[in-house]
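Below is one structure, written out as structure tokens; the observations come after it.
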Amino acid sequence: MNNLNGIISYNLSRLRKQKKLSLECLAELSGVSKAMIGQIERGDSNPTVNTLWKIASGLQVPFGMLISMGEQSAKFVQFKEHPPIQDVKGFILYPVFSFKDNQLLEIFAVKMEPHCTHNSDPHAIYSTEYILPISGNLQMSVQGTVYALSPGNALQIQGDYPHAYCNPFDIPAVFYCILHHAKA
């Protein structure tokens, strides 16, 4: 299975059933409508990053469990071979290492086009997010404080608060986002 929507569809259905949750119950836990969850499970929808994160939080699983293609003893990643997840125009998320089950760490590469802003809903409770710029500059807004980031510095934030990424500059910003989930 190499179609991202198909992978998400399969994983969402499997995880929801493993946790013995109805569509209605998951809708209530995640804040995503029952209709949307059903569309995603059928592969009829192209969900946004925020929608997937809400569902992962509702299921109390790492984001990567929704997009994982299975386990391997080693994983060599070439971005061009894996479809990125694009939420809003200019914010492109590449799942580099998305872990599953009781592994608590996910790593994403992100490219933000110039003059792009992405508002992120809170992740799972007690999660921690690390932002490590590779090229370009960006700004992170967390609870009213704006942090200027560039290569050579990094930011650690509580992922369970709303936060925003912003590239107000004229060149793209590329960074790694590492998400650590607290043990449930």
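Ligands are numbered from 1 in the order shown, residues from 1 within each chain, and chains are lettered A, B, ... in the order they appear in the structure tokens.
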Determine, counting only C-alpha atoms, which protein, DNA and RNA residues have an atom within 12 Å of an atom of A:Pro83; residues of the same chain fewer than 5 positions away are not included. Present the result as a PyMOL selection string.
chain A and resi 2-5+7+67+77-78+92-96
Generate a file of the selected residues that holds N, CA, C and O atoms, formatted as an mmCIF file, in the first residue's frame.
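And here is the file that came out, again.cif:
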```
data_model
loop_
_atom_site.group_PDB
_atom_site.id
_atom_site.type_symbol
_atom_site.label_atom_id
_atom_site.label_comp_id
_atom_site.auth_asym_id
_atom_site.auth_seq_id
_atom_site.Cartn_x
_atom_site.Cartn_y
_atom_site.Cartn_z
ATOM 1 N N ASN A 2 0.913 2.005 -1.088
ATOM 2 C CA ASN A 2 1.785 3.166 -1.151
ATOM 3 C C ASN A 2 1.004 4.465 -1.317
ATOM 4 O O ASN A 2 1.589 5.507 -1.437
ATOM 5 N N ASN A 3 -0.313 4.422 -1.299
ATOM 6 C CA ASN A 3 -1.161 5.605 -1.366
ATOM 7 C C ASN A 3 -1.357 6.132 0.047
ATOM 8 O O ASN A 3 -1.866 5.414 0.909
ATOM 9 N N LEU A 4 -0.969 7.395 0.302
ATOM 10 C CA LEU A 4 -1.033 7.933 1.659
ATOM 11 C C LEU A 4 -2.454 7.920 2.214
ATOM 12 O O LEU A 4 -2.665 7.551 3.366
ATOM 13 N N ASN A 5 -3.448 8.308 1.416
ATOM 14 C CA ASN A 5 -4.828 8.279 1.909
ATOM 15 C C ASN A 5 -5.257 6.859 2.258
ATOM 16 O O ASN A 5 -5.978 6.652 3.232
ATOM 17 N N ILE A 7 -3.239 4.450 3.287
ATOM 18 C CA ILE A 7 -2.527 4.101 4.522
ATOM 19 C C ILE A 7 -3.237 4.711 5.722
ATOM 20 O O ILE A 7 -3.479 4.041 6.729
ATOM 21 N N ILE A 67 -0.007 7.371 9.819
ATOM 22 C CA ILE A 67 0.618 7.414 8.492
ATOM 23 C C ILE A 67 1.693 6.349 8.303
ATOM 24 O O ILE A 67 2.334 6.303 7.263
ATOM 25 N N VAL A 77 15.273 6.798 4.413
ATOM 26 C CA VAL A 77 14.228 7.702 3.946
ATOM 27 C C VAL A 77 14.771 8.649 2.889
ATOM 28 O O VAL A 77 15.780 9.318 3.102
ATOM 29 N N GLN A 78 14.119 8.679 1.749
ATOM 30 C CA GLN A 78 14.373 9.682 0.722
ATOM 31 C C GLN A 78 13.068 10.446 0.553
ATOM 32 O O GLN A 78 12.044 9.869 0.192
ATOM 33 N N ILE A 92 4.630 22.376 4.193
ATOM 34 C CA ILE A 92 4.740 21.005 3.708
ATOM 35 C C ILE A 92 5.454 20.163 4.765
ATOM 36 O O ILE A 92 6.582 20.458 5.155
ATOM 37 N N LEU A 93 4.794 19.119 5.214
ATOM 38 C CA LEU A 93 5.283 18.261 6.284
ATOM 39 C C LEU A 93 5.718 16.916 5.694
ATOM 40 O O LEU A 93 4.929 16.246 5.016
ATOM 41 N N TYR A 94 6.988 16.555 5.925
ATOM 42 C CA TYR A 94 7.517 15.272 5.468
ATOM 43 C C TYR A 94 7.692 14.367 6.681
ATOM 44 O O TYR A 94 8.515 14.666 7.546
ATOM 45 N N PRO A 95 6.933 13.286 6.777
ATOM 46 C CA PRO A 95 7.132 12.365 7.903
ATOM 47 C C PRO A 95 8.437 11.592 7.697
ATOM 48 O O PRO A 95 8.524 10.745 6.823
ATOM 49 N N VAL A 96 9.470 11.934 8.449
ATOM 50 C CA VAL A 96 10.773 11.297 8.306
ATOM 51 C C VAL A 96 10.762 9.968 9.057
ATOM 52 O O VAL A 96 10.962 8.909 8.482
#
```
I'd like the contact shell of A:Ser127 - 9 Å cut-off, only C-alpha atoms, skipping same-chain residues fewer than 3 positions apart - returned as a ChimeraX atom specification.
/A:123-124,157-160,179-182
Written selection (N, CA and C atoms) as a PDB file, in the first residue's frame:
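Ended up saving to again_27.pdb:
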```pdb
ATOM      1  N   HIS A 123      -1.238  19.314  20.544  1.00  0.00           N
ATOM      2  CA  HIS A 123      -1.013  17.880  20.372  1.00  0.00           C
ATOM      3  C   HIS A 123      -1.461  17.186  21.654  1.00  0.00           C
ATOM      4  N   ALA A 124      -1.156  15.911  21.790  1.00  0.00           N
ATOM      5  CA  ALA A 124      -1.558  15.153  22.964  1.00  0.00           C
ATOM      6  C   ALA A 124      -1.007  15.792  24.246  1.00  0.00           C
ATOM      7  N   ILE A 157       9.108  23.469  23.021  1.00  0.00           N
ATOM      8  CA  ILE A 157       7.823  23.996  23.505  1.00  0.00           C
ATOM      9  C   ILE A 157       6.963  22.857  24.038  1.00  0.00           C
ATOM     10  N   GLN A 158       5.997  23.216  24.857  1.00  0.00           N
ATOM     11  CA  GLN A 158       4.986  22.254  25.269  1.00  0.00           C
ATOM     12  C   GLN A 158       4.031  22.105  24.088  1.00  0.00           C
ATOM     13  N   GLY A 159       3.944  20.908  23.545  1.00  0.00           N
ATOM     14  CA  GLY A 159       3.131  20.675  22.362  1.00  0.00           C
ATOM     15  C   GLY A 159       1.646  20.660  22.618  1.00  0.00           C
ATOM     16  N   ASP A 160       1.258  20.618  23.889  1.00  0.00           N
ATOM     17  CA  ASP A 160      -0.168  20.553  24.189  1.00  0.00           C
ATOM     18  C   ASP A 160      -0.793  21.940  24.369  1.00  0.00           C
ATOM     19  N   LEU A 179       8.665  15.506  17.787  1.00  0.00           N
ATOM     20  CA  LEU A 179       7.541  15.490  18.718  1.00  0.00           C
ATOM     21  C   LEU A 179       7.713  14.307  19.654  1.00  0.00           C
ATOM     22  N   HIS A 180       7.805  14.609  20.945  1.00  0.00           N
ATOM     23  CA  HIS A 180       7.924  13.573  21.968  1.00  0.00           C
ATOM     24  C   HIS A 180       6.603  13.465  22.704  1.00  0.00           C
ATOM     25  N   HIS A 181       6.067  12.268  22.738  1.00  0.00           N
ATOM     26  CA  HIS A 181       4.796  12.027  23.415  1.00  0.00           C
ATOM     27  C   HIS A 181       5.080  11.488  24.807  1.00  0.00           C
ATOM     28  N   ALA A 182       4.344  11.989  25.792  1.00  0.00           N
ATOM     29  CA  ALA A 182       4.467  11.467  27.149  1.00  0.00           C
ATOM     30  C   ALA A 182       3.822  10.082  27.182  1.00  0.00           C
TER      31      ALA A 182
END
```
Got a sec to tell me which of stretch 25-64 of chain A DSSP assigns to alpha helix (DSSP H), as a list of chain:residue names?
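Checking each residue of stretch 25-64 of chain A, the alpha helix (DSSP H) ones are A:Cys25, A:Leu26, A:Ala27, A:Glu28, A:Leu29, A:Ser30, A:Lys34, A:Ala35, A:Met36, A:Ile37, A:Gly38, A:Gln39, A:Ile40, A:Glu41, A:Arg42, A:Val49, A:Asn50, A:Thr51, A:Leu52, A:Trp53, A:Lys54, A:Ile55, A:Ala56, A:Ser57, A:Gly58, A:Leu59, A:Gly64.
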To one decimal place in Å, what is the distance between atom CA of A:Leu149 and atom CA of A:Trp53?
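Distance between the two atoms: 23.6 Å.
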With only C-alpha atoms as the counted atoms, please give the residues lying no more than 9 Å from A:Gln143, apart from itself and same-chain residues fewer than 4 positions off, as a PyMOL selection string.
chain A and resi 161-163
For A:Val146, which of A:Tyr165, A:Tyr130, A:Phe63, A:Phe108 is the closest residue, counting only C-alpha atoms?
A:Tyr165
Report, in Å to a single decimal, how far apart atom CA of A:Ser68 and atom CA of A:Ile55 are.
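A separation of 14.7 Å between them.
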Point-to-point distance in Å for atom CA of A:Pro122 and atom CA of A:Lys17
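Distance reported for this atom pair: 24.2 Å.
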Which residue, A:Ala173, A:Ser9, A:Glu24, A:Ser120, has the smallest gap to A:Gln139 when you use only C-alpha atoms?
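The shortest atom-to-atom distance to A:Gln139 comes from A:Ala173.
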